[in-house]
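So this one's query-v5.pdb, PDB, C-alpha atoms and all ligand atoms:
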MODEL        1
ATOM      1  CA  MET A 216     105.919  71.842 -62.812  1.00  0.00           C
ATOM      2  CA  GLU A 217     105.958  72.684 -59.092  1.00  0.00           C
ATOM      3  CA  ILE A 218     106.678  70.539 -56.036  1.00  0.00           C
ATOM      4  CA  TYR A 219     105.564  71.620 -52.570  1.00  0.00           C
ATOM      5  CA  GLY A 220     107.291  70.466 -49.410  1.00  0.00           C
ATOM      6  CA  THR A 221     110.600  70.763 -47.628  1.00  0.00           C
ATOM      7  CA  SER A 222     113.197  68.108 -48.365  1.00  0.00           C
ATOM      8  CA  CYS A 223     113.137  67.326 -44.605  1.00  0.00           C
ATOM      9  CA  SER A 224     109.851  65.483 -45.091  1.00  0.00           C
ATOM     10  CA  ARG A 225     108.231  62.870 -47.297  1.00  0.00           C
ATOM     11  CA  ALA A 226     108.451  65.474 -50.056  1.00  0.00           C
ATOM     12  CA  PHE A 227     112.085  64.392 -50.333  1.00  0.00           C
ATOM     13  CA  ARG A 228     110.948  61.350 -52.332  1.00  0.00           C
ATOM     14  CA  ALA A 229     109.247  63.512 -54.967  1.00  0.00           C
ATOM     15  CA  LEU A 230     112.233  65.871 -55.143  1.00  0.00           C
ATOM     16  CA  TRP A 231     114.548  62.906 -55.671  1.00  0.00           C
ATOM     17  CA  MET A 232     112.342  61.594 -58.484  1.00  0.00           C
ATOM     18  CA  ALA A 233     112.086  65.027 -60.125  1.00  0.00           C
ATOM     19  CA  CYS A 234     115.893  65.306 -60.030  1.00  0.00           C
ATOM     20  CA  GLU A 235     116.198  61.831 -61.586  1.00  0.00           C
ATOM     21  CA  GLN A 236     113.943  62.926 -64.438  1.00  0.00           C
ATOM     22  CA  GLY A 237     116.092  65.960 -65.158  1.00  0.00           C
ATOM     23  CA  ALA A 238     112.900  67.981 -65.604  1.00  0.00           C
ATOM     24  CA  GLU A 239     112.659  71.693 -64.803  1.00  0.00           C
ATOM     25  CA  PHE A 240     110.556  72.330 -61.719  1.00  0.00           C
ATOM     26  CA  ALA A 241     109.939  74.997 -59.099  1.00  0.00           C
ATOM     27  CA  HIS A 242     110.369  73.937 -55.502  1.00  0.00           C
ATOM     28  CA  HIS A 243     108.271  75.449 -52.701  1.00  0.00           C
ATOM     29  CA  PRO A 244     109.906  74.174 -49.494  1.00  0.00           C
ATOM     30  CA  LEU A 245     106.747  74.316 -47.387  1.00  0.00           C
ATOM     31  CA  ALA A 246     107.352  73.203 -43.791  1.00  0.00           C
ATOM     32  CA  VAL A 247     105.602  70.220 -42.185  1.00  0.00           C
ATOM     33  CA  GLU A 248     104.272  72.543 -39.470  1.00  0.00           C
ATOM     34  CA  ALA A 249     102.690  74.886 -42.035  1.00  0.00           C
ATOM     35  CA  CYS A 250     101.070  72.593 -44.585  1.00  0.00           C
ATOM     36  CA  GLY A 251      98.056  71.686 -42.434  1.00  0.00           C
ATOM     37  CA  SER A 252      97.123  75.264 -41.595  1.00  0.00           C
ATOM     38  CA  ASP A 253      98.012  77.457 -44.592  1.00  0.00           C
ATOM     39  CA  PRO A 254      94.639  78.337 -46.230  1.00  0.00           C
ATOM     40  CA  ALA A 255      96.164  78.850 -49.671  1.00  0.00           C
ATOM     41  CA  TYR A 256      97.859  75.466 -49.494  1.00  0.00           C
ATOM     42  CA  LEU A 257      94.770  73.730 -48.097  1.00  0.00           C
ATOM     43  CA  ALA A 258      92.832  75.038 -51.092  1.00  0.00           C
ATOM     44  CA  LEU A 259      95.296  73.149 -53.282  1.00  0.00           C
ATOM     45  CA  ASN A 260      95.572  70.053 -51.096  1.00  0.00           C
ATOM     46  CA  PRO A 261      92.673  69.593 -48.666  1.00  0.00           C
ATOM     47  CA  ALA A 262      94.580  66.708 -47.059  1.00  0.00           C
ATOM     48  CA  GLY A 263      97.052  69.312 -45.759  1.00  0.00           C
ATOM     49  CA  THR A 264     100.057  67.089 -46.382  1.00  0.00           C
ATOM     50  CA  ILE A 265     103.288  67.385 -48.319  1.00  0.00           C
ATOM     51  CA  PRO A 266     104.412  66.531 -50.924  1.00  0.00           C
ATOM     52  CA  LEU A 267     102.152  67.968 -53.598  1.00  0.00           C
ATOM     53  CA  LEU A 268     102.789  68.188 -57.321  1.00  0.00           C
ATOM     54  CA  ARG A 269     101.321  70.801 -59.652  1.00  0.00           C
ATOM     55  CA  ASP A 270     101.680  70.151 -63.338  1.00  0.00           C
ATOM     56  CA  GLY A 271      99.740  72.878 -65.145  1.00  0.00           C
ATOM     57  CA  ASP A 272      96.169  72.558 -63.909  1.00  0.00           C
ATOM     58  CA  PHE A 273      96.764  69.059 -62.624  1.00  0.00           C
ATOM     59  CA  VAL A 274      97.312  68.649 -58.862  1.00  0.00           C
ATOM     60  CA  LEU A 275      98.495  65.400 -57.277  1.00  0.00           C
ATOM     61  CA  ALA A 276      99.179  64.438 -53.658  1.00  0.00           C
ATOM     62  CA  GLU A 277     100.806  61.294 -52.184  1.00  0.00           C
ATOM     63  CA  SER A 278     104.499  60.724 -52.688  1.00  0.00           C
ATOM     64  CA  MET A 279     104.198  57.312 -54.335  1.00  0.00           C
ATOM     65  CA  ALA A 280     101.518  58.479 -56.796  1.00  0.00           C
ATOM     66  CA  ILE A 281     103.582  61.554 -57.658  1.00  0.00           C
ATOM     67  CA  ASN A 282     106.652  59.438 -58.332  1.00  0.00           C
ATOM     68  CA  LEU A 283     104.834  56.891 -60.472  1.00  0.00           C
ATOM     69  CA  TYR A 284     103.263  59.767 -62.441  1.00  0.00           C
ATOM     70  CA  LEU A 285     106.609  61.522 -62.958  1.00  0.00           C
ATOM     71  CA  ALA A 286     108.395  58.337 -63.994  1.00  0.00           C
ATOM     72  CA  ARG A 287     105.684  57.472 -66.479  1.00  0.00           C
ATOM     73  CA  LYS A 288     105.393  61.002 -67.850  1.00  0.00           C
ATOM     74  CA  HIS A 289     109.107  61.669 -68.294  1.00  0.00           C
ATOM     75  CA  GLY A 290     110.132  58.105 -69.026  1.00  0.00           C
ATOM     76  CA  ARG A 291     113.194  57.672 -66.830  1.00  0.00           C
ATOM     77  CA  LEU A 292     113.062  54.870 -64.231  1.00  0.00           C
ATOM     78  CA  TRP A 293     109.828  53.690 -65.921  1.00  0.00           C
ATOM     79  CA  LEU A 294     109.209  50.286 -67.483  1.00  0.00           C
ATOM     80  CA  ASP A 295     107.466  49.374 -70.710  1.00  0.00           C
ATOM     81  CA  ASP A 296     106.356  45.952 -69.542  1.00  0.00           C
ATOM     82  CA  GLU A 297     102.881  45.938 -67.923  1.00  0.00           C
ATOM     83  CA  GLN A 298     103.797  43.340 -65.345  1.00  0.00           C
ATOM     84  CA  ALA A 299     106.923  45.243 -64.384  1.00  0.00           C
ATOM     85  CA  GLN A 300     104.737  48.334 -63.942  1.00  0.00           C
ATOM     86  CA  ALA A 301     102.422  46.333 -61.689  1.00  0.00           C
ATOM     87  CA  LEU A 302     105.425  45.224 -59.634  1.00  0.00           C
ATOM     88  CA  ALA A 303     106.436  48.879 -59.274  1.00  0.00           C
ATOM     89  CA  TRP A 304     102.950  49.583 -57.847  1.00  0.00           C
ATOM     90  CA  GLN A 305     103.290  46.545 -55.600  1.00  0.00           C
ATOM     91  CA  TRP A 306     106.587  47.754 -54.132  1.00  0.00           C
ATOM     92  CA  SER A 307     105.284  51.297 -53.781  1.00  0.00           C
ATOM     93  CA  PHE A 308     102.118  50.246 -51.910  1.00  0.00           C
ATOM     94  CA  TRP A 309     104.139  47.826 -49.799  1.00  0.00           C
ATOM     95  CA  ALA A 310     106.631  50.537 -48.868  1.00  0.00           C
ATOM     96  CA  LEU A 311     103.855  52.677 -47.403  1.00  0.00           C
ATOM     97  CA  ALA A 312     101.769  49.862 -45.931  1.00  0.00           C
ATOM     98  CA  SER A 313     104.445  47.621 -44.429  1.00  0.00           C
ATOM     99  CA  LEU A 314     107.754  49.457 -44.269  1.00  0.00           C
ATOM    100  CA  GLU A 315     107.125  53.103 -43.458  1.00  0.00           C
ATOM    101  CA  ALA A 316     105.589  52.741 -39.966  1.00  0.00           C
ATOM    102  CA  PRO A 317     108.317  50.493 -38.497  1.00  0.00           C
ATOM    103  CA  TYR A 318     110.961  52.671 -40.156  1.00  0.00           C
ATOM    104  CA  VAL A 319     109.516  55.891 -38.705  1.00  0.00           C
ATOM    105  CA  SER A 320     109.369  54.310 -35.215  1.00  0.00           C
ATOM    106  CA  TRP A 321     112.996  53.252 -35.537  1.00  0.00           C
ATOM    107  CA  ALA A 322     114.207  56.554 -37.029  1.00  0.00           C
ATOM    108  CA  GLU A 323     112.541  58.586 -34.286  1.00  0.00           C
ATOM    109  CA  GLN A 324     114.512  56.681 -31.672  1.00  0.00           C
ATOM    110  CA  ALA A 325     117.767  56.273 -33.591  1.00  0.00           C
ATOM    111  CA  LEU A 326     118.031  59.507 -35.594  1.00  0.00           C
ATOM    112  CA  TRP A 327     115.431  62.192 -35.075  1.00  0.00           C
ATOM    113  CA  LEU A 328     114.564  62.704 -31.394  1.00  0.00           C
ATOM    114  CA  PRO A 329     116.938  64.674 -29.164  1.00  0.00           C
ATOM    115  CA  MET A 330     119.186  62.238 -27.258  1.00  0.00           C
ATOM    116  CA  ALA A 331     117.447  63.006 -23.956  1.00  0.00           C
ATOM    117  CA  MET A 332     114.077  61.912 -25.359  1.00  0.00           C
ATOM    118  CA  ARG A 333     115.210  58.609 -26.852  1.00  0.00           C
ATOM    119  CA  ASP A 334     114.034  55.372 -25.273  1.00  0.00           C
ATOM    120  CA  SER A 335     116.162  52.237 -25.647  1.00  0.00           C
ATOM    121  CA  THR A 336     113.178  49.915 -25.144  1.00  0.00           C
ATOM    122  CA  GLU A 337     111.274  51.638 -27.942  1.00  0.00           C
ATOM    123  CA  LEU A 338     114.379  51.516 -30.135  1.00  0.00           C
ATOM    124  CA  ALA A 339     114.749  47.753 -29.611  1.00  0.00           C
ATOM    125  CA  ARG A 340     111.053  47.218 -30.326  1.00  0.00           C
ATOM    126  CA  ALA A 341     111.239  49.270 -33.522  1.00  0.00           C
ATOM    127  CA  ALA A 342     114.405  47.487 -34.678  1.00  0.00           C
ATOM    128  CA  GLN A 343     112.615  44.181 -34.151  1.00  0.00           C
ATOM    129  CA  ALA A 344     109.607  45.331 -36.198  1.00  0.00           C
ATOM    130  CA  LEU A 345     111.925  46.169 -39.096  1.00  0.00           C
ATOM    131  CA  GLN A 346     113.301  42.633 -39.364  1.00  0.00           C
ATOM    132  CA  ARG A 347     110.461  41.143 -41.377  1.00  0.00           C
ATOM    133  CA  PRO A 348     110.182  43.834 -44.087  1.00  0.00           C
ATOM    134  CA  LEU A 349     113.976  44.034 -44.414  1.00  0.00           C
ATOM    135  CA  ASP A 350     114.222  40.261 -44.709  1.00  0.00           C
ATOM    136  CA  ARG A 351     111.702  40.516 -47.526  1.00  0.00           C
ATOM    137  CA  LEU A 352     113.934  43.005 -49.322  1.00  0.00           C
ATOM    138  CA  GLU A 353     117.006  40.831 -48.799  1.00  0.00           C
ATOM    139  CA  ARG A 354     115.182  37.897 -50.429  1.00  0.00           C
ATOM    140  CA  ALA A 355     113.859  40.074 -53.270  1.00  0.00           C
ATOM    141  CA  LEU A 356     117.427  41.124 -54.059  1.00  0.00           C
ATOM    142  CA  ALA A 357     118.829  37.576 -53.988  1.00  0.00           C
ATOM    143  CA  ASP A 358     119.080  37.201 -57.766  1.00  0.00           C
ATOM    144  CA  HIS A 359     119.441  40.750 -59.057  1.00  0.00           C
ATOM    145  CA  SER A 360     120.924  44.080 -58.058  1.00  0.00           C
ATOM    146  CA  TYR A 361     117.668  46.049 -58.064  1.00  0.00           C
ATOM    147  CA  LEU A 362     114.076  45.174 -57.212  1.00  0.00           C
ATOM    148  CA  LEU A 363     112.947  44.670 -60.813  1.00  0.00           C
ATOM    149  CA  GLY A 364     116.172  43.449 -62.349  1.00  0.00           C
ATOM    150  CA  GLU A 365     119.563  44.941 -63.117  1.00  0.00           C
ATOM    151  CA  THR A 366     118.512  48.578 -63.434  1.00  0.00           C
ATOM    152  CA  PHE A 367     117.388  51.196 -60.949  1.00  0.00           C
ATOM    153  CA  THR A 368     113.673  51.950 -61.420  1.00  0.00           C
ATOM    154  CA  VAL A 369     110.830  53.820 -59.770  1.00  0.00           C
ATOM    155  CA  ALA A 370     110.290  50.734 -57.575  1.00  0.00           C
ATOM    156  CA  ASP A 371     113.765  51.145 -56.051  1.00  0.00           C
ATOM    157  CA  LEU A 372     113.361  54.879 -55.586  1.00  0.00           C
ATOM    158  CA  ASN A 373     109.974  54.521 -53.891  1.00  0.00           C
ATOM    159  CA  VAL A 374     111.243  51.904 -51.458  1.00  0.00           C
ATOM    160  CA  ALA A 375     114.667  53.453 -50.779  1.00  0.00           C
ATOM    161  CA  GLY A 376     113.043  56.875 -50.377  1.00  0.00           C
ATOM    162  CA  VAL A 377     111.072  55.549 -47.417  1.00  0.00           C
ATOM    163  CA  ILE A 378     114.084  54.086 -45.587  1.00  0.00           C
ATOM    164  CA  ASN A 379     117.021  56.285 -46.544  1.00  0.00           C
ATOM    165  CA  GLY A 380     118.201  56.457 -42.921  1.00  0.00           C
ATOM    166  CA  LEU A 381     118.961  52.717 -42.789  1.00  0.00           C
ATOM    167  CA  ALA A 382     122.386  52.842 -44.454  1.00  0.00           C
ATOM    168  CA  ASP A 383     124.130  51.725 -41.239  1.00  0.00           C
ATOM    169  CA  PHE A 384     121.387  49.500 -39.791  1.00  0.00           C
ATOM    170  CA  GLN A 385     122.691  45.977 -39.040  1.00  0.00           C
ATOM    171  CA  PRO A 386     124.892  45.886 -42.180  1.00  0.00           C
ATOM    172  CA  GLN A 387     126.139  42.303 -41.637  1.00  0.00           C
ATOM    173  CA  ALA A 388     122.617  40.887 -41.363  1.00  0.00           C
ATOM    174  CA  ARG A 389     121.532  41.676 -44.914  1.00  0.00           C
ATOM    175  CA  PRO A 390     124.451  42.256 -47.281  1.00  0.00           C
ATOM    176  CA  ARG A 391     122.428  42.435 -50.490  1.00  0.00           C
ATOM    177  CA  PHE A 392     119.982  44.901 -49.010  1.00  0.00           C
ATOM    178  CA  HIS A 393     122.858  47.074 -47.837  1.00  0.00           C
ATOM    179  CA  ASP A 394     124.611  47.036 -51.201  1.00  0.00           C
ATOM    180  CA  TRP A 395     121.323  47.937 -52.874  1.00  0.00           C
ATOM    181  CA  LEU A 396     120.576  50.804 -50.474  1.00  0.00           C
ATOM    182  CA  ARG A 397     124.122  52.178 -50.825  1.00  0.00           C
ATOM    183  CA  CYS A 398     123.809  52.173 -54.635  1.00  0.00           C
ATOM    184  CA  CYS A 399     120.455  53.974 -54.404  1.00  0.00           C
ATOM    185  CA  LEU A 400     121.786  56.619 -52.013  1.00  0.00           C
ATOM    186  CA  GLU A 401     124.952  57.241 -54.055  1.00  0.00           C
ATOM    187  CA  ARG A 402     122.966  58.433 -57.048  1.00  0.00           C
ATOM    188  CA  PRO A 403     123.687  62.049 -58.076  1.00  0.00           C
ATOM    189  CA  ALA A 404     119.969  62.871 -58.127  1.00  0.00           C
ATOM    190  CA  TYR A 405     119.637  61.651 -54.532  1.00  0.00           C
ATOM    191  CA  ARG A 406     122.499  63.911 -53.471  1.00  0.00           C
ATOM    192  CA  ARG A 407     121.041  66.827 -55.369  1.00  0.00           C
ATOM    193  CA  ALA A 408     117.688  66.401 -53.621  1.00  0.00           C
ATOM    194  CA  CYS A 409     119.508  66.228 -50.250  1.00  0.00           C
ATOM    195  CA  ARG A 410     120.888  69.708 -50.868  1.00  0.00           C
ATOM    196  CA  MET A 411     117.441  71.232 -51.395  1.00  0.00           C
ATOM    197  CA  PRO A 412     115.811  73.233 -48.595  1.00  0.00           C
TER     198      PRO A 412
HETATM  199  N1  LIG A 501     101.146  59.130 -47.472  1.00  0.00           N
HETATM  200  C1  LIG A 501     101.530  60.521 -47.656  1.00  0.00           C
HETATM  201  C2  LIG A 501     101.947  61.073 -46.309  1.00  0.00           C
HETATM  202  C3  LIG A 501     102.268  62.546 -46.398  1.00  0.00           C
HETATM  203  C4  LIG A 501     102.549  63.123 -45.015  1.00  0.00           C
HETATM  204  O1  LIG A 501     101.984  62.699 -44.006  1.00  0.00           O
HETATM  205  N2  LIG A 501     103.461  64.097 -44.982  1.00  0.00           N
HETATM  206  C5  LIG A 501     103.758  64.746 -43.740  1.00  0.00           C
HETATM  207  C6  LIG A 501     105.153  65.356 -43.797  1.00  0.00           C
HETATM  208  S1  LIG A 501     106.425  64.160 -43.776  1.00  0.00           S
HETATM  209  C7  LIG A 501     102.772  65.862 -43.508  1.00  0.00           C
HETATM  210  O2  LIG A 501     102.362  66.469 -44.453  1.00  0.00           O
HETATM  211  N3  LIG A 501     102.447  66.123 -42.253  1.00  0.00           N
HETATM  212  C8  LIG A 501     101.629  67.227 -41.900  1.00  0.00           C
HETATM  213  C9  LIG A 501     100.288  66.849 -41.404  1.00  0.00           C
HETATM  214  O3  LIG A 501      99.902  65.674 -41.511  1.00  0.00           O
HETATM  215  O4  LIG A 501      99.603  67.745 -40.879  1.00  0.00           O
HETATM  216  C10 LIG A 501     102.651  60.594 -48.690  1.00  0.00           C
HETATM  217  O5  LIG A 501     103.423  59.638 -48.790  1.00  0.00           O
HETATM  218  O6  LIG A 501     102.741  61.598 -49.414  1.00  0.00           O
ENDMDL
END
Show the structure stored in the file as structure tokens.
Amino acid sequence: MEIYGTSCSRAFRALWMACEQGAEFAHHPLAVEACGSDPAYLALNPAGTIPLLRDGDFVLAESMAINLYLARKHGRLWLDDEQAQALAWQWSFWALASLEAPYVSWAEQALWLPMAMRDSTELARAAQALQRPLDRLERALADHSYLLGETFTVADLNVAGVINGLADFQPQARPRFHDWLRCCLERPAYRRACRMP
């Protein structure tokens, strides 16, 4: 099994999942700047994005699809119950459709841009846009420690993997969300993926 993409990108999510599975894999830490223009890579993934998974002859793009595939194939963080599986898809689609864009806007202003390029108005706007999706997570965690119950699953990894920079974001406002995110980010597999190039 091979995973393409530097850990400083959305490929981090797939690396985290692969580490959770304990499966052997080769890591090709392709840079964000290179994946759209490298002819050999474009032949594998015409979308020109990372991450990409190669499993024998099978090639799969899209971080959420890769993670759902790996969890199902290797069995860890997967769920036997069909409705629980559907909820894992729900949270994964929601993370990309409703959470990723406001998070990226916030992270650019709070974490990623050089200080001189940050804009406090943009930061405030992005923080405001995060309120609704984070409130949804706080409510979803009202009765259990993880999104689908009392154990960490692919649903948690796919959501936490999108917003792993929020550990210190308004901690008093959503205590359950913050406890949940801390537990996700303290996992050994998360730390192992963080150390990858
Ligand atoms: N929805 C895709 C997005 C992948 C994506 O856009 N990755 C970025 C790196 S973080 C990328 O490949 N950017 C290069 C480009 O779009 O040319 C996923 O979750 O895998």
Determine, using only C-alpha atoms, which residues of stretch 257-282 of chain A have any atom at most 8 Å from an atom of stretch 247-250 of chain A, and tabulate each with its shortest atom pair and distance in Å to one decimal place, rows ordered by chain and then rising number, as CSV.
residue,atom,partner,partner_atom,distance
A:Leu257,CA,A:Cys250,CA,7.3
A:Gly263,CA,A:Cys250,CA,5.3
A:Thr264,CA,A:Cys250,CA,5.9
A:Ile265,CA,A:Cys250,CA,6.8
Identify, counting all atoms listed in the file, the protein, DNA and RNA residues located within 12 Å of ligand LIG 501 (chain A), and give them as a tab-separated table (two decimals) with C-alpha atoms, in the frame of the given file.
chain	number	residue	atom	x	y	z
A	218	ILE	CA	106.68	70.54	-56.04
A	219	TYR	CA	105.56	71.62	-52.57
A	220	GLY	CA	107.29	70.47	-49.41
A	221	THR	CA	110.60	70.76	-47.63
A	222	SER	CA	113.20	68.11	-48.36
A	223	CYS	CA	113.14	67.33	-44.60
A	224	SER	CA	109.85	65.48	-45.09
A	225	ARG	CA	108.23	62.87	-47.30
A	226	ALA	CA	108.45	65.47	-50.06
A	227	PHE	CA	112.08	64.39	-50.33
A	228	ARG	CA	110.95	61.35	-52.33
A	229	ALA	CA	109.25	63.51	-54.97
A	230	LEU	CA	112.23	65.87	-55.14
A	244	PRO	CA	109.91	74.17	-49.49
A	245	LEU	CA	106.75	74.32	-47.39
A	246	ALA	CA	107.35	73.20	-43.79
A	247	VAL	CA	105.60	70.22	-42.18
A	248	GLU	CA	104.27	72.54	-39.47
A	249	ALA	CA	102.69	74.89	-42.04
A	250	CYS	CA	101.07	72.59	-44.58
A	251	GLY	CA	98.06	71.69	-42.43
A	252	SER	CA	97.12	75.26	-41.60
A	253	ASP	CA	98.01	77.46	-44.59
A	256	TYR	CA	97.86	75.47	-49.49
A	257	LEU	CA	94.77	73.73	-48.10
A	260	ASN	CA	95.57	70.05	-51.10
A	261	PRO	CA	92.67	69.59	-48.67
A	262	ALA	CA	94.58	66.71	-47.06
A	263	GLY	CA	97.05	69.31	-45.76
A	264	THR	CA	100.06	67.09	-46.38
A	265	ILE	CA	103.29	67.39	-48.32
A	266	PRO	CA	104.41	66.53	-50.92
A	267	LEU	CA	102.15	67.97	-53.60
A	268	LEU	CA	102.79	68.19	-57.32
A	275	LEU	CA	98.50	65.40	-57.28
A	276	ALA	CA	99.18	64.44	-53.66
A	277	GLU	CA	100.81	61.29	-52.18
A	278	SER	CA	104.50	60.72	-52.69
A	279	MET	CA	104.20	57.31	-54.34
A	280	ALA	CA	101.52	58.48	-56.80
A	281	ILE	CA	103.58	61.55	-57.66
A	282	ASN	CA	106.65	59.44	-58.33
A	307	SER	CA	105.28	51.30	-53.78
A	308	PHE	CA	102.12	50.25	-51.91
A	309	TRP	CA	104.14	47.83	-49.80
A	310	ALA	CA	106.63	50.54	-48.87
A	311	LEU	CA	103.86	52.68	-47.40
A	312	ALA	CA	101.77	49.86	-45.93
A	314	LEU	CA	107.75	49.46	-44.27
A	315	GLU	CA	107.12	53.10	-43.46
A	316	ALA	CA	105.59	52.74	-39.97
A	319	VAL	CA	109.52	55.89	-38.70
A	373	ASN	CA	109.97	54.52	-53.89
A	374	VAL	CA	111.24	51.90	-51.46
A	376	GLY	CA	113.04	56.88	-50.38
A	377	VAL	CA	111.07	55.55	-47.42
### Message
For the PyMOL selection byres (((chain A and resi 344) around 12) and not hetatm), applied here, can you spell out every residue it catches as a ChimeraX atom specification?
### Response
/A:313-321,337-343,345-350
Which residues of stretch 218-274 of chain A sit at most 12 Å from stretch 360-368 of chain A, using all atoms listed in the file? Give each one's shortest atom pair and distance in Å (one decimal place), in chain and ascending residue order, as JSON lines.
{"residue": "A:Met232", "atom": "CA", "partner": "A:Thr368", "partner_atom": "CA", "distance": 10.2}
{"residue": "A:Glu235", "atom": "CA", "partner": "A:Thr368", "partner_atom": "CA", "distance": 10.2}
{"residue": "A:Gln236", "atom": "CA", "partner": "A:Thr368", "partner_atom": "CA", "distance": 11.4}
### Query
In Å, with one decimal, what is the gap from atom CA of A:Ala404 to atom CA of A:Cys234?
5.1 Å
Spell out the residues picked by the PyMOL selection byres (((chain A and resi 391) around 10) and not hetatm) here, as a PDB file with C-alpha atoms, keeping the file's coordinate frame.
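This went into selection-v6.pdb:
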ATOM      1  CA  LEU A 352     113.934  43.005 -49.322  1.00  0.00           C
ATOM      2  CA  GLU A 353     117.006  40.831 -48.799  1.00  0.00           C
ATOM      3  CA  ARG A 354     115.182  37.897 -50.429  1.00  0.00           C
ATOM      4  CA  ALA A 355     113.859  40.074 -53.270  1.00  0.00           C
ATOM      5  CA  LEU A 356     117.427  41.124 -54.059  1.00  0.00           C
ATOM      6  CA  ALA A 357     118.829  37.576 -53.988  1.00  0.00           C
ATOM      7  CA  ASP A 358     119.080  37.201 -57.766  1.00  0.00           C
ATOM      8  CA  HIS A 359     119.441  40.750 -59.057  1.00  0.00           C
ATOM      9  CA  SER A 360     120.924  44.080 -58.058  1.00  0.00           C
ATOM     10  CA  TYR A 361     117.668  46.049 -58.064  1.00  0.00           C
ATOM     11  CA  PRO A 386     124.892  45.886 -42.180  1.00  0.00           C
ATOM     12  CA  GLN A 387     126.139  42.303 -41.637  1.00  0.00           C
ATOM     13  CA  ALA A 388     122.617  40.887 -41.363  1.00  0.00           C
ATOM     14  CA  ARG A 389     121.532  41.676 -44.914  1.00  0.00           C
ATOM     15  CA  PRO A 390     124.451  42.256 -47.281  1.00  0.00           C
ATOM     16  CA  PHE A 392     119.982  44.901 -49.010  1.00  0.00           C
ATOM     17  CA  HIS A 393     122.858  47.074 -47.837  1.00  0.00           C
ATOM     18  CA  ASP A 394     124.611  47.036 -51.201  1.00  0.00           C
ATOM     19  CA  TRP A 395     121.323  47.937 -52.874  1.00  0.00           C
ATOM     20  CA  LEU A 396     120.576  50.804 -50.474  1.00  0.00           C
ATOM     21  CA  ARG A 397     124.122  52.178 -50.825  1.00  0.00           C
TER      22      ARG A 397
END
## Note on the structure
If you count all atoms listed in the file, the residue of A:Glu297, A:Gln305, A:Trp231, A:Ala238 closest to A:Asn379 turns out to be A:Trp231
Put a box with edges along x, y and z around all the listed atoms of stretch 222-238 of chain A, pad it by 5 Å on each side, then give me its centre and sizes in Å, one decimal, as AutoDock Vina command-line options.
--center_x 112.2 --center_y 64.7 --center_z -55.1 --size_x 18.0 --size_y 16.8 --size_z 31.0
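The residues caught by the PyMOL selection byres (((chain A and resi 291-293) around 6) and not hetatm) in this file are Gln236, Ala286, Arg287, His289, Gly290, Leu294, Thr368 and Val369 of chain A.
Across the structure, atom CA of A:Ala322 and atom CA of A:Ala303 are spaced 24.8 Å apart.
Among the candidates A:Leu283, A:Cys398, A:Val274, A:Ala255, the residue lying nearest to A:Ala375 is A:Cys398 (atoms considered: only C-alpha atoms).
For the pair atom CA of A:Gly237 and atom CA of A:Leu259, the separation is 25.0 Å.
With all atoms listed in the file as the atoms that count, the minimum distance from A:Asp383 to the choices A:Ala325, A:Cys409, A:Met332, A:Ala370 is reached by A:Ala325.
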### Task
Tell me, as a ChimeraX atom specification, which residues lie within 10 Å of A:Asp334, counting all atoms listed in the file; anything in the same chain fewer than 6 positions away does not count.
/A:323-325,328
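Among the candidates A:Ala258, A:Glu239, A:Leu372, A:Met216, the residue lying nearest to A:Trp306 is A:Leu372 (atoms considered: only C-alpha atoms).
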